[in-house]
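Undergrad: For reference, this is upload-v1.pdb, and it has PDB, C-alpha atoms and all ligand atoms.
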```
ATOM      1  CA  MET B1478      43.747  27.801   5.104  1.00  0.00           C
ATOM      2  CA  LYS B1479      42.024  27.237   8.482  1.00  0.00           C
ATOM      3  CA  LYS B1480      38.755  28.562   7.013  1.00  0.00           C
ATOM      4  CA  LYS B1481      39.021  26.206   4.020  1.00  0.00           C
ATOM      5  CA  VAL B1482      39.515  23.183   6.296  1.00  0.00           C
ATOM      6  CA  THR B1483      36.478  24.203   8.359  1.00  0.00           C
ATOM      7  CA  VAL B1484      34.310  24.524   5.218  1.00  0.00           C
ATOM      8  CA  LEU B1485      35.454  21.112   3.966  1.00  0.00           C
ATOM      9  CA  PHE B1486      34.735  19.582   7.389  1.00  0.00           C
ATOM     10  CA  VAL B1487      31.202  21.059   7.444  1.00  0.00           C
ATOM     11  CA  LEU B1488      30.572  19.783   3.897  1.00  0.00           C
ATOM     12  CA  PHE B1489      31.781  16.323   4.912  1.00  0.00           C
ATOM     13  CA  ILE B1490      29.482  16.187   7.982  1.00  0.00           C
ATOM     14  CA  THR B1491      26.532  17.476   5.921  1.00  0.00           C
ATOM     15  CA  SER B1492      27.037  14.790   3.267  1.00  0.00           C
ATOM     16  CA  LEU B1493      27.211  12.105   5.962  1.00  0.00           C
ATOM     17  CA  PHE B1494      23.954  13.375   7.494  1.00  0.00           C
ATOM     18  CA  THR B1495      22.206  13.591   4.104  1.00  0.00           C
ATOM     19  CA  GLY B1496      23.351  10.075   3.281  1.00  0.00           C
ATOM     20  CA  PHE B1497      22.046   8.840   6.631  1.00  0.00           C
ATOM     21  CA  CYS B1498      18.635  10.457   6.097  1.00  0.00           C
ATOM     22  CA  TYR B1499      18.437   9.019   2.606  1.00  0.00           C
ATOM     23  CA  ALA B1500      19.306   5.557   3.915  1.00  0.00           C
ATOM     24  CA  GLN B1501      16.406   5.856   6.385  1.00  0.00           C
ATOM     25  CA  GLN B1502      13.970   6.600   3.567  1.00  0.00           C
ATOM     26  CA  VAL B1503      14.953   3.769   1.262  1.00  0.00           C
ATOM     27  CA  ASP B1504      12.326   1.039   1.219  1.00  0.00           C
ATOM     28  CA  THR B1505      13.397  -2.542   1.778  1.00  0.00           C
ATOM     29  CA  GLU B1506      12.110  -5.318  -0.489  1.00  0.00           C
ATOM     30  CA  LEU B1507       9.744  -6.259   2.346  1.00  0.00           C
ATOM     31  CA  ASP B1508       8.393  -2.704   2.587  1.00  0.00           C
ATOM     32  CA  LYS B1509       7.665  -2.777  -1.146  1.00  0.00           C
ATOM     33  CA  ARG B1510       5.807  -6.090  -0.918  1.00  0.00           C
ATOM     34  CA  VAL B1511       3.727  -4.947   2.052  1.00  0.00           C
ATOM     35  CA  LYS B1512       2.907  -1.602   0.440  1.00  0.00           C
ATOM     36  CA  ASP B1513       1.897  -3.327  -2.805  1.00  0.00           C
ATOM     37  CA  PHE B1514      -0.484  -5.566  -0.845  1.00  0.00           C
ATOM     38  CA  LEU B1515      -1.997  -2.735   1.219  1.00  0.00           C
ATOM     39  CA  ASP B1516      -2.271  -0.380  -1.760  1.00  0.00           C
ATOM     40  CA  SER B1517      -4.132  -3.027  -3.765  1.00  0.00           C
ATOM     41  CA  TYR B1518      -6.877  -3.033  -1.098  1.00  0.00           C
ATOM     42  CA  ARG B1519      -6.800   0.662  -0.244  1.00  0.00           C
ATOM     43  CA  GLN B1520     -10.149   1.561  -1.803  1.00  0.00           C
ATOM     44  CA  LYS B1521     -11.850  -1.776  -1.038  1.00  0.00           C
ATOM     45  CA  TRP B1522     -13.487  -2.916   2.161  1.00  0.00           C
ATOM     46  CA  VAL B1523     -13.656  -6.709   2.464  1.00  0.00           C
ATOM     47  CA  ASP B1524     -13.953  -9.326   5.196  1.00  0.00           C
ATOM     48  CA  TRP B1525     -14.483  -6.712   7.965  1.00  0.00           C
ATOM     49  CA  ASN B1526     -10.857  -5.627   7.591  1.00  0.00           C
ATOM     50  CA  VAL B1527      -9.559  -2.423   9.137  1.00  0.00           C
ATOM     51  CA  THR B1528      -9.289   0.497   6.757  1.00  0.00           C
ATOM     52  CA  TYR B1529      -5.934   1.786   5.546  1.00  0.00           C
ATOM     53  CA  ASP B1530      -6.036   4.711   8.000  1.00  0.00           C
ATOM     54  CA  GLU B1531      -6.943   2.475  10.937  1.00  0.00           C
ATOM     55  CA  GLY B1532      -4.109   0.102  10.050  1.00  0.00           C
ATOM     56  CA  LEU B1533      -1.733   3.055  10.074  1.00  0.00           C
ATOM     57  CA  VAL B1534      -2.876   3.972  13.606  1.00  0.00           C
ATOM     58  CA  LEU B1535      -1.929   0.472  14.838  1.00  0.00           C
ATOM     59  CA  TYR B1536       1.362   0.562  12.919  1.00  0.00           C
ATOM     60  CA  ASN B1537       2.356   3.897  14.453  1.00  0.00           C
ATOM     61  CA  ILE B1538       1.565   2.846  18.036  1.00  0.00           C
ATOM     62  CA  ILE B1539       3.876  -0.168  17.695  1.00  0.00           C
ATOM     63  CA  ILE B1540       6.707   1.751  16.028  1.00  0.00           C
ATOM     64  CA  GLN B1541       6.540   4.690  18.445  1.00  0.00           C
ATOM     65  CA  ASN B1542       6.627   2.435  21.506  1.00  0.00           C
ATOM     66  CA  GLY B1543       8.990  -0.209  20.128  1.00  0.00           C
ATOM     67  CA  TYR B1544       6.552  -3.014  20.963  1.00  0.00           C
ATOM     68  CA  THR B1545       7.618  -6.579  20.131  1.00  0.00           C
ATOM     69  CA  LYS B1546       5.048  -8.985  21.673  1.00  0.00           C
ATOM     70  CA  ALA B1547       1.714  -8.521  19.966  1.00  0.00           C
ATOM     71  CA  LEU B1548      -1.596 -10.351  20.153  1.00  0.00           C
ATOM     72  CA  GLU B1549      -4.555  -9.874  17.830  1.00  0.00           C
ATOM     73  CA  ILE B1550      -8.020 -11.280  18.514  1.00  0.00           C
ATOM     74  CA  GLY B1551      -9.942 -11.651  15.241  1.00  0.00           C
ATOM     75  CA  THR B1552      -7.662 -12.203  12.227  1.00  0.00           C
ATOM     76  CA  SER B1553     -10.352 -12.436   9.542  1.00  0.00           C
ATOM     77  CA  THR B1554      -8.325 -12.376   6.295  1.00  0.00           C
ATOM     78  CA  GLY B1555      -5.414 -10.636   7.919  1.00  0.00           C
ATOM     79  CA  HIS B1556      -5.277  -6.970   6.957  1.00  0.00           C
ATOM     80  CA  SER B1557      -4.800  -5.615  10.486  1.00  0.00           C
ATOM     81  CA  SER B1558      -2.354  -8.483  11.117  1.00  0.00           C
ATOM     82  CA  ILE B1559      -0.339  -7.255   8.141  1.00  0.00           C
ATOM     83  CA  TRP B1560      -0.167  -3.699   9.498  1.00  0.00           C
ATOM     84  CA  ILE B1561       0.828  -5.007  12.948  1.00  0.00           C
ATOM     85  CA  ALA B1562       3.370  -7.505  11.615  1.00  0.00           C
ATOM     86  CA  TRP B1563       4.870  -4.896   9.283  1.00  0.00           C
ATOM     87  CA  ALA B1564       5.574  -2.687  12.314  1.00  0.00           C
ATOM     88  CA  LEU B1565       6.937  -5.703  14.211  1.00  0.00           C
ATOM     89  CA  SER B1566       9.287  -6.479  11.318  1.00  0.00           C
ATOM     90  CA  LYS B1567      10.941  -3.152  12.187  1.00  0.00           C
ATOM     91  CA  THR B1568      10.948  -3.544  15.992  1.00  0.00           C
ATOM     92  CA  GLY B1569      12.092  -7.192  15.908  1.00  0.00           C
ATOM     93  CA  GLY B1570       8.800  -8.563  17.238  1.00  0.00           C
ATOM     94  CA  GLN B1571       6.249 -11.294  16.625  1.00  0.00           C
ATOM     95  CA  LEU B1572       2.452 -11.417  16.353  1.00  0.00           C
ATOM     96  CA  ILE B1573       0.057 -14.103  17.542  1.00  0.00           C
ATOM     97  CA  THR B1574      -3.328 -13.724  15.839  1.00  0.00           C
ATOM     98  CA  LEU B1575      -6.492 -15.734  16.606  1.00  0.00           C
ATOM     99  CA  GLU B1576      -9.349 -16.690  14.263  1.00  0.00           C
ATOM    100  CA  ILE B1577     -12.238 -19.104  14.702  1.00  0.00           C
ATOM    101  CA  ASP B1578     -13.210 -19.411  11.028  1.00  0.00           C
ATOM    102  CA  PRO B1579     -10.945 -21.847   9.095  1.00  0.00           C
ATOM    103  CA  ALA B1580     -11.684 -20.375   5.652  1.00  0.00           C
ATOM    104  CA  ARG B1581     -10.827 -16.831   6.732  1.00  0.00           C
ATOM    105  CA  ARG B1582      -7.638 -18.032   8.412  1.00  0.00           C
ATOM    106  CA  GLU B1583      -6.636 -19.880   5.210  1.00  0.00           C
ATOM    107  CA  LYS B1584      -7.095 -16.703   3.192  1.00  0.00           C
ATOM    108  CA  ALA B1585      -5.150 -14.764   5.830  1.00  0.00           C
ATOM    109  CA  LEU B1586      -2.230 -17.195   5.516  1.00  0.00           C
ATOM    110  CA  LYS B1587      -2.173 -16.588   1.758  1.00  0.00           C
ATOM    111  CA  ASN B1588      -2.254 -12.830   2.324  1.00  0.00           C
ATOM    112  CA  PHE B1589       0.623 -13.043   4.823  1.00  0.00           C
ATOM    113  CA  ALA B1590       2.690 -14.937   2.251  1.00  0.00           C
ATOM    114  CA  GLN B1591       1.826 -12.421  -0.470  1.00  0.00           C
ATOM    115  CA  ALA B1592       2.876  -9.537   1.779  1.00  0.00           C
ATOM    116  CA  GLY B1593       6.083 -11.370   2.743  1.00  0.00           C
ATOM    117  CA  LEU B1594       5.247 -11.343   6.457  1.00  0.00           C
ATOM    118  CA  SER B1595       4.598 -15.037   7.266  1.00  0.00           C
ATOM    119  CA  ASP B1596       7.735 -15.274   9.422  1.00  0.00           C
ATOM    120  CA  TYR B1597       6.416 -12.626  11.796  1.00  0.00           C
ATOM    121  CA  ILE B1598       2.972 -14.160  12.362  1.00  0.00           C
ATOM    122  CA  ASP B1599       1.721 -17.159  14.323  1.00  0.00           C
ATOM    123  CA  ALA B1600      -1.884 -17.510  13.097  1.00  0.00           C
ATOM    124  CA  GLN B1601      -3.803 -19.757  15.471  1.00  0.00           C
ATOM    125  CA  LEU B1602      -7.171 -21.341  14.657  1.00  0.00           C
ATOM    126  CA  GLY B1603      -9.684 -21.629  17.489  1.00  0.00           C
ATOM    127  CA  ASP B1604     -12.067 -19.927  19.855  1.00  0.00           C
ATOM    128  CA  ALA B1605     -10.377 -16.884  21.355  1.00  0.00           C
ATOM    129  CA  HIS B1606     -12.537 -17.246  24.472  1.00  0.00           C
ATOM    130  CA  GLN B1607     -10.362 -20.226  25.401  1.00  0.00           C
ATOM    131  CA  LEU B1608      -7.138 -19.362  23.547  1.00  0.00           C
ATOM    132  CA  VAL B1609      -6.757 -15.987  25.261  1.00  0.00           C
ATOM    133  CA  LYS B1610      -6.950 -17.665  28.666  1.00  0.00           C
ATOM    134  CA  GLN B1611      -4.408 -20.323  27.626  1.00  0.00           C
ATOM    135  CA  LEU B1612      -1.776 -18.058  26.048  1.00  0.00           C
ATOM    136  CA  PRO B1613       0.970 -17.381  28.586  1.00  0.00           C
ATOM    137  CA  GLY B1614       1.994 -13.914  27.347  1.00  0.00           C
ATOM    138  CA  PRO B1615       3.454 -11.518  28.220  1.00  0.00           C
ATOM    139  CA  PHE B1616       2.225  -9.066  25.583  1.00  0.00           C
ATOM    140  CA  ASP B1617       3.029  -5.414  25.098  1.00  0.00           C
ATOM    141  CA  PHE B1618       0.435  -4.778  22.374  1.00  0.00           C
ATOM    142  CA  VAL B1619      -3.097  -6.183  21.947  1.00  0.00           C
ATOM    143  CA  PHE B1620      -5.629  -5.495  19.193  1.00  0.00           C
ATOM    144  CA  SER B1621      -9.126  -6.728  20.019  1.00  0.00           C
ATOM    145  CA  ASP B1622     -11.314  -7.071  16.923  1.00  0.00           C
ATOM    146  CA  ALA B1623     -13.456 -10.204  17.307  1.00  0.00           C
ATOM    147  CA  ASP B1624     -16.812 -10.644  19.080  1.00  0.00           C
ATOM    148  CA  LYS B1625     -17.712  -7.351  20.765  1.00  0.00           C
ATOM    149  CA  VAL B1626     -19.762  -8.979  23.550  1.00  0.00           C
ATOM    150  CA  TRP B1627     -16.541 -10.549  24.797  1.00  0.00           C
ATOM    151  CA  TYR B1628     -14.354  -7.381  24.652  1.00  0.00           C
ATOM    152  CA  LYS B1629     -14.546  -6.769  28.410  1.00  0.00           C
ATOM    153  CA  GLN B1630     -13.731 -10.402  29.191  1.00  0.00           C
ATOM    154  CA  TYR B1631     -10.771 -10.364  26.760  1.00  0.00           C
ATOM    155  CA  PHE B1632      -9.436  -7.312  28.577  1.00  0.00           C
ATOM    156  CA  ILE B1633      -9.915  -8.915  32.022  1.00  0.00           C
ATOM    157  CA  ASP B1634      -8.136 -12.095  30.873  1.00  0.00           C
ATOM    158  CA  LEU B1635      -5.256 -10.190  29.267  1.00  0.00           C
ATOM    159  CA  TYR B1636      -4.696  -7.473  31.855  1.00  0.00           C
ATOM    160  CA  PRO B1637      -2.312  -9.634  33.979  1.00  0.00           C
ATOM    161  CA  LYS B1638      -0.401 -10.623  30.810  1.00  0.00           C
ATOM    162  CA  LEU B1639      -0.044  -7.052  29.548  1.00  0.00           C
ATOM    163  CA  GLU B1640       3.313  -5.504  30.417  1.00  0.00           C
ATOM    164  CA  VAL B1641       3.500  -2.169  32.205  1.00  0.00           C
ATOM    165  CA  GLY B1642       3.766   0.453  29.455  1.00  0.00           C
ATOM    166  CA  GLY B1643       1.932  -1.919  27.122  1.00  0.00           C
ATOM    167  CA  CYS B1644      -1.126  -1.013  25.094  1.00  0.00           C
ATOM    168  CA  PHE B1645      -4.581  -2.635  24.706  1.00  0.00           C
ATOM    169  CA  THR B1646      -6.433  -1.431  21.610  1.00  0.00           C
ATOM    170  CA  ALA B1647      -9.989  -2.298  20.545  1.00  0.00           C
ATOM    171  CA  HIS B1648     -11.822  -1.729  17.255  1.00  0.00           C
ATOM    172  CA  ASN B1649     -15.321  -0.349  16.567  1.00  0.00           C
ATOM    173  CA  VAL B1650     -15.688   1.406  19.908  1.00  0.00           C
ATOM    174  CA  ARG B1651     -17.648   4.339  18.449  1.00  0.00           C
ATOM    175  CA  ASN B1652     -20.559   2.008  17.695  1.00  0.00           C
ATOM    176  CA  PRO B1653     -21.947   1.229  21.155  1.00  0.00           C
ATOM    177  CA  TYR B1654     -23.583  -2.118  20.309  1.00  0.00           C
ATOM    178  CA  GLY B1655     -23.062  -5.529  21.848  1.00  0.00           C
ATOM    179  CA  GLY B1656     -20.612  -5.312  24.713  1.00  0.00           C
ATOM    180  CA  ILE B1657     -18.778  -2.173  23.583  1.00  0.00           C
ATOM    181  CA  LYS B1658     -20.295   0.098  26.232  1.00  0.00           C
ATOM    182  CA  GLU B1659     -19.545  -2.382  29.038  1.00  0.00           C
ATOM    183  CA  PHE B1660     -15.952  -2.703  27.814  1.00  0.00           C
ATOM    184  CA  LEU B1661     -15.416   1.048  27.470  1.00  0.00           C
ATOM    185  CA  ASP B1662     -16.971   1.852  30.853  1.00  0.00           C
ATOM    186  CA  PHE B1663     -14.699  -0.751  32.434  1.00  0.00           C
ATOM    187  CA  VAL B1664     -11.419   0.224  30.777  1.00  0.00           C
ATOM    188  CA  GLN B1665     -12.006   3.978  31.077  1.00  0.00           C
ATOM    189  CA  ALA B1666     -12.670   3.636  34.821  1.00  0.00           C
ATOM    190  CA  HIS B1667      -9.722   1.297  35.358  1.00  0.00           C
ATOM    191  CA  PRO B1668      -7.307   2.934  37.838  1.00  0.00           C
ATOM    192  CA  LYS B1669      -4.201   1.608  36.084  1.00  0.00           C
ATOM    193  CA  MET B1670      -5.128   2.262  32.443  1.00  0.00           C
ATOM    194  CA  ASP B1671      -5.043   5.533  30.489  1.00  0.00           C
ATOM    195  CA  THR B1672      -7.554   5.407  27.648  1.00  0.00           C
ATOM    196  CA  THR B1673      -8.139   7.634  24.641  1.00  0.00           C
ATOM    197  CA  ILE B1674     -10.302   7.056  21.571  1.00  0.00           C
ATOM    198  CA  ASP B1675      -8.787   7.484  18.144  1.00  0.00           C
ATOM    199  CA  THR B1676     -11.414   8.998  15.849  1.00  0.00           C
ATOM    200  CA  THR B1677      -9.492   8.727  12.573  1.00  0.00           C
ATOM    201  CA  SER B1678     -12.289   6.495  11.350  1.00  0.00           C
ATOM    202  CA  ARG B1679     -16.015   6.291  11.961  1.00  0.00           C
ATOM    203  CA  SER B1680     -15.476   2.961  13.747  1.00  0.00           C
ATOM    204  CA  GLY B1681     -12.978   4.296  16.279  1.00  0.00           C
ATOM    205  CA  ILE B1682     -10.149   2.541  18.079  1.00  0.00           C
ATOM    206  CA  SER B1683      -9.731   2.683  21.862  1.00  0.00           C
ATOM    207  CA  ILE B1684      -6.100   2.967  22.958  1.00  0.00           C
ATOM    208  CA  SER B1685      -5.402   2.055  26.582  1.00  0.00           C
ATOM    209  CA  TYR B1686      -1.904   2.198  28.067  1.00  0.00           C
ATOM    210  CA  LYS B1687      -1.075   0.252  31.231  1.00  0.00           C
ATOM    211  CA  ARG B1688       0.363   2.773  33.646  1.00  0.00           C
ATOM    212  CA  GLU B1689       1.596   0.509  36.413  1.00  0.00           C
TER     213      GLU B1689
HETATM  214  C1  LIG E1701     -13.945  -7.726  12.330  1.00  0.00           C
HETATM  215  S1  LIG E1701     -13.279  -9.258  11.862  1.00  0.00           S
HETATM  216  C2  LIG E1701     -11.532  -9.018  12.068  1.00  0.00           C
HETATM  217  C3  LIG E1701     -10.926  -8.133  11.020  1.00  0.00           C
HETATM  218  C4  LIG E1701      -9.405  -8.081  11.078  1.00  0.00           C
HETATM  219  N1  LIG E1701      -8.946  -7.712  12.384  1.00  0.00           N
HETATM  220  C5  LIG E1701      -8.871  -7.113  10.077  1.00  0.00           C
HETATM  221  O1  LIG E1701      -8.989  -5.894  10.302  1.00  0.00           O
HETATM  222  O2  LIG E1701      -8.339  -7.530   9.049  1.00  0.00           O
HETATM  223  C6  LIG E1701     -13.659 -10.265  13.238  1.00  0.00           C
HETATM  224  C7  LIG E1701     -13.175 -11.710  13.129  1.00  0.00           C
HETATM  225  O3  LIG E1701     -13.239 -12.286  14.433  1.00  0.00           O
HETATM  226  C8  LIG E1701     -13.576 -13.643  14.294  1.00  0.00           C
HETATM  227  N2  LIG E1701     -14.119 -14.120  15.572  1.00  0.00           N
HETATM  228  C9  LIG E1701     -15.349 -13.867  16.110  1.00  0.00           C
HETATM  229  N3  LIG E1701     -15.479 -14.491  17.293  1.00  0.00           N
HETATM  230  C10 LIG E1701     -14.320 -15.164  17.512  1.00  0.00           C
HETATM  231  C11 LIG E1701     -13.845 -15.985  18.553  1.00  0.00           C
HETATM  232  N4  LIG E1701     -14.598 -16.254  19.617  1.00  0.00           N
HETATM  233  N5  LIG E1701     -12.595 -16.486  18.460  1.00  0.00           N
HETATM  234  C12 LIG E1701     -11.809 -16.218  17.394  1.00  0.00           C
HETATM  235  N6  LIG E1701     -12.210 -15.430  16.360  1.00  0.00           N
HETATM  236  C13 LIG E1701     -13.442 -14.911  16.416  1.00  0.00           C
HETATM  237  C14 LIG E1701     -14.586 -13.661  13.150  1.00  0.00           C
HETATM  238  O4  LIG E1701     -14.652 -14.948  12.561  1.00  0.00           O
HETATM  239  C15 LIG E1701     -14.036 -12.572  12.233  1.00  0.00           C
HETATM  240  O5  LIG E1701     -13.250 -13.118  11.189  1.00  0.00           O
END
```
Just give me the structure of the file as structure tokens.

TA:
Amino acid sequence: MKKKVTVLFVLFITSLFTGFCYAQQVDTELDKRVKDFLDSYRQKWVDWNVTYDEGLVLYNIIIQNGYTKALEIGTSTGHSSIWIAWALSKTGGQLITLEIDPARREKALKNFAQAGLSDYIDAQLGDAHQLVKQLPGPFDFVFSDADKVWYKQYFIDLYPKLEVGGCFTAHNVRNPYGGIKEFLDFVQAHPKMDTTIDTTSRSGISISYKRE
């Protein structure tokens, strides 16, 4: 009798655990909309957007660290914003993204609506050289993907607004043109930042965590 009760108890716990795992895997309506959007562009490269694999790198950093206060410099038509905002929809966060070109921002707004992520994104139009200085922060995640000659200055302006434990990422760092080398030399030598380069793509993404 005692053995039978134990077996039934184990079966009950197992079914609870299986049910829990299954619940974790079920996609929400939002997940389906985002995936449909991203899948429709998976083999295309338009408007200087990040690739699918690069977007996944950004998504994973946010999920793994539970970041909630994100800033993107260089929206273009919003593909990286969609990856970032999708992760933020799971951590309970918000994204501010900056774009200087009105037509690209307009298209980005349409893409955000199509992906179902408009509520998670504040898409600001203007010159990031000024906007970055004006934004109060704090941020725990930054993706720099606009004018490369300004990468180092963006980092300098945002360093005081980046929380300890936060992450500053930058795109195209494997192509040492414009200001990329100056930025990388600066951030890699910074005593309070730990930097690695993700080489998933040919472009490369630098990933710098603020240690203290
Ligand atoms: C490489 S694209 C961004 C791609 C986007 N992050 C994505 O993966 O979907 C760079 C964008 O930065 C914008 N940009 C360049 N200089 C800027 C500035 N000073 N302020 C704001 N946006 C700028 C460009 O208009 C362009 O749309």

Undergrad: List as a PDB file with C-alpha atoms, in the coordinates of the input the protein and nucleic acid residues lying within 7 Å of ligand LIG 1701 (chain E), with all atoms listed in the file counted.

TA:
```pdb
ATOM      1  CA  ASP B1524     -13.953  -9.326   5.196  1.00  0.00           C
ATOM      2  CA  TRP B1525     -14.483  -6.712   7.965  1.00  0.00           C
ATOM      3  CA  ASN B1526     -10.857  -5.627   7.591  1.00  0.00           C
ATOM      4  CA  VAL B1527      -9.559  -2.423   9.137  1.00  0.00           C
ATOM      5  CA  ILE B1550      -8.020 -11.280  18.514  1.00  0.00           C
ATOM      6  CA  GLY B1551      -9.942 -11.651  15.241  1.00  0.00           C
ATOM      7  CA  THR B1552      -7.662 -12.203  12.227  1.00  0.00           C
ATOM      8  CA  SER B1553     -10.352 -12.436   9.542  1.00  0.00           C
ATOM      9  CA  THR B1554      -8.325 -12.376   6.295  1.00  0.00           C
ATOM     10  CA  GLY B1555      -5.414 -10.636   7.919  1.00  0.00           C
ATOM     11  CA  HIS B1556      -5.277  -6.970   6.957  1.00  0.00           C
ATOM     12  CA  SER B1557      -4.800  -5.615  10.486  1.00  0.00           C
ATOM     13  CA  SER B1558      -2.354  -8.483  11.117  1.00  0.00           C
ATOM     14  CA  LEU B1575      -6.492 -15.734  16.606  1.00  0.00           C
ATOM     15  CA  GLU B1576      -9.349 -16.690  14.263  1.00  0.00           C
ATOM     16  CA  ILE B1577     -12.238 -19.104  14.702  1.00  0.00           C
ATOM     17  CA  ASP B1578     -13.210 -19.411  11.028  1.00  0.00           C
ATOM     18  CA  ARG B1581     -10.827 -16.831   6.732  1.00  0.00           C
ATOM     19  CA  GLY B1603      -9.684 -21.629  17.489  1.00  0.00           C
ATOM     20  CA  ASP B1604     -12.067 -19.927  19.855  1.00  0.00           C
ATOM     21  CA  ALA B1605     -10.377 -16.884  21.355  1.00  0.00           C
ATOM     22  CA  HIS B1606     -12.537 -17.246  24.472  1.00  0.00           C
ATOM     23  CA  ASP B1622     -11.314  -7.071  16.923  1.00  0.00           C
ATOM     24  CA  ALA B1623     -13.456 -10.204  17.307  1.00  0.00           C
ATOM     25  CA  ASP B1624     -16.812 -10.644  19.080  1.00  0.00           C
TER      26      ASP B1624
END
```

Undergrad: Using only C-alpha atoms, I'd like a table of the residues in segment 1567-1624 of chain B that come within 12 Å of segment 1629-1650 of chain B; for each, show the closest atom pair and its distance in Å rounded to one decimal, ordered by chain and ascending number, as CSV.

TA:
```
residue,atom,partner,partner_atom,distance
B:Asp1604,CA,B:Tyr1631,CA,11.9
B:Ala1605,CA,B:Tyr1631,CA,8.5
B:His1606,CA,B:Tyr1631,CA,7.5
B:Gln1607,CA,B:Tyr1631,CA,10.0
B:Leu1608,CA,B:Tyr1631,CA,10.2
B:Val1609,CA,B:Asp1634,CA,7.0
B:Lys1610,CA,B:Asp1634,CA,6.1
B:Gln1611,CA,B:Asp1634,CA,9.6
B:Leu1612,CA,B:Lys1638,CA,8.9
B:Pro1613,CA,B:Lys1638,CA,7.2
B:Gly1614,CA,B:Lys1638,CA,5.3
B:Pro1615,CA,B:Lys1638,CA,4.7
B:Phe1616,CA,B:Leu1639,CA,5.0
B:Asp1617,CA,B:Gly1643,CA,4.2
B:Phe1618,CA,B:Cys1644,CA,4.9
B:Val1619,CA,B:Phe1645,CA,4.7
B:Phe1620,CA,B:Thr1646,CA,4.8
B:Ser1621,CA,B:Ala1647,CA,4.5
B:Asp1622,CA,B:His1648,CA,5.4
B:Ala1623,CA,B:His1648,CA,8.6
B:Asp1624,CA,B:Tyr1631,CA,9.8
```

Undergrad: Excluding Leu1594 of chain B and any residue of its chain fewer than 3 positions from it, enumerate the residues within 8 Å of it, using only C-alpha atoms, and give them as a PyMOL selection string.

TA: chain B and resi 1507+1511+1559+1562-1563+1566+1589-1591+1597-1598

Undergrad: Please report the interatomic distance between atom CA of Glu1689 of chain B and atom CA of Ile1573 of chain B in Å with one decimal.

TA: 23.9 Å

Undergrad: For Val1523 of chain B, which of B:Tyr1536, B:Val1664, B:Lys1584, B:Ser1685 is the closest residue, counting all atoms listed in the file?

TA: B:Lys1584

Undergrad: Excluding same-chain residues fewer than 4 positions from segment 1655-1657 of chain B, what lies within 8 Å of it counting all atoms listed in the file, as JSON, numbers by chain?

TA: {"B": [1625, 1626, 1627, 1628, 1629, 1650, 1661]}

Undergrad: Do a neighbour search on Ile1674 of chain B at 9 Å with all atoms listed in the file, toss out local chain neighbours closer than 4 positions, and write the hits as a list of chain:residue names.

TA: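 Near Ile1674 of chain B, the qualifying residues are B:Val1650, B:Arg1651, B:Gly1681, B:Ile1682, B:Ser1683, B:Ile1684, B:Ser1685.
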
Undergrad: Limited to C-alpha atoms, could you put the picked residues into a file as a PDB file, in the coordinates of the input?

TA:
```pdb
ATOM      1  CA  VAL B1650     -15.688   1.406  19.908  1.00  0.00           C
ATOM      2  CA  ARG B1651     -17.648   4.339  18.449  1.00  0.00           C
ATOM      3  CA  GLY B1681     -12.978   4.296  16.279  1.00  0.00           C
ATOM      4  CA  ILE B1682     -10.149   2.541  18.079  1.00  0.00           C
ATOM      5  CA  SER B1683      -9.731   2.683  21.862  1.00  0.00           C
ATOM      6  CA  ILE B1684      -6.100   2.967  22.958  1.00  0.00           C
ATOM      7  CA  SER B1685      -5.402   2.055  26.582  1.00  0.00           C
TER       8      SER B1685
END
```

Undergrad: When you count only C-alpha atoms, which of these residues is closest to Tyr1654 of chain B: B:Lys1587, B:Ile1540, B:Glu1506, B:Ser1680?

TA: B:Ser1680

Undergrad: For segment 1628-1637 of chain B, where the input has fewer atoms than it should, I would like N, CA and C atoms rebuilt and written as a PDB file, in the frame of the given file.

TA:
```pdb
ATOM      1  N   TYR B1628     -15.480  -8.344  24.521  1.00  0.00           N
ATOM      2  CA  TYR B1628     -14.354  -7.381  24.652  1.00  0.00           C
ATOM      3  C   TYR B1628     -13.918  -7.207  26.110  1.00  0.00           C
ATOM      4  N   LYS B1629     -14.900  -7.017  27.002  1.00  0.00           N
ATOM      5  CA  LYS B1629     -14.546  -6.769  28.410  1.00  0.00           C
ATOM      6  C   LYS B1629     -13.834  -7.991  28.995  1.00  0.00           C
ATOM      7  N   GLN B1630     -14.343  -9.183  28.652  1.00  0.00           N
ATOM      8  CA  GLN B1630     -13.731 -10.402  29.191  1.00  0.00           C
ATOM      9  C   GLN B1630     -12.313 -10.595  28.633  1.00  0.00           C
ATOM     10  N   TYR B1631     -12.125 -10.277  27.327  1.00  0.00           N
ATOM     11  CA  TYR B1631     -10.771 -10.364  26.760  1.00  0.00           C
ATOM     12  C   TYR B1631      -9.820  -9.458  27.545  1.00  0.00           C
ATOM     13  N   PHE B1632     -10.286  -8.247  27.838  1.00  0.00           N
ATOM     14  CA  PHE B1632      -9.436  -7.312  28.577  1.00  0.00           C
ATOM     15  C   PHE B1632      -9.122  -7.863  29.973  1.00  0.00           C
ATOM     16  N   ILE B1633     -10.125  -8.379  30.664  1.00  0.00           N
ATOM     17  CA  ILE B1633      -9.915  -8.915  32.022  1.00  0.00           C
ATOM     18  C   ILE B1633      -8.902 -10.067  31.979  1.00  0.00           C
ATOM     19  N   ASP B1634      -9.049 -10.941  30.979  1.00  0.00           N
ATOM     20  CA  ASP B1634      -8.136 -12.095  30.873  1.00  0.00           C
ATOM     21  C   ASP B1634      -6.710 -11.659  30.518  1.00  0.00           C
ATOM     22  N   LEU B1635      -6.593 -10.583  29.752  1.00  0.00           N
ATOM     23  CA  LEU B1635      -5.256 -10.190  29.267  1.00  0.00           C
ATOM     24  C   LEU B1635      -4.561  -9.179  30.161  1.00  0.00           C
ATOM     25  N   TYR B1636      -5.306  -8.509  31.015  1.00  0.00           N
ATOM     26  CA  TYR B1636      -4.696  -7.473  31.855  1.00  0.00           C
ATOM     27  C   TYR B1636      -3.450  -7.985  32.604  1.00  0.00           C
ATOM     28  N   PRO B1637      -3.511  -9.171  33.256  1.00  0.00           N
ATOM     29  CA  PRO B1637      -2.312  -9.634  33.979  1.00  0.00           C
ATOM     30  C   PRO B1637      -1.148  -9.986  33.047  1.00  0.00           C
TER      31      PRO B1637
END
```
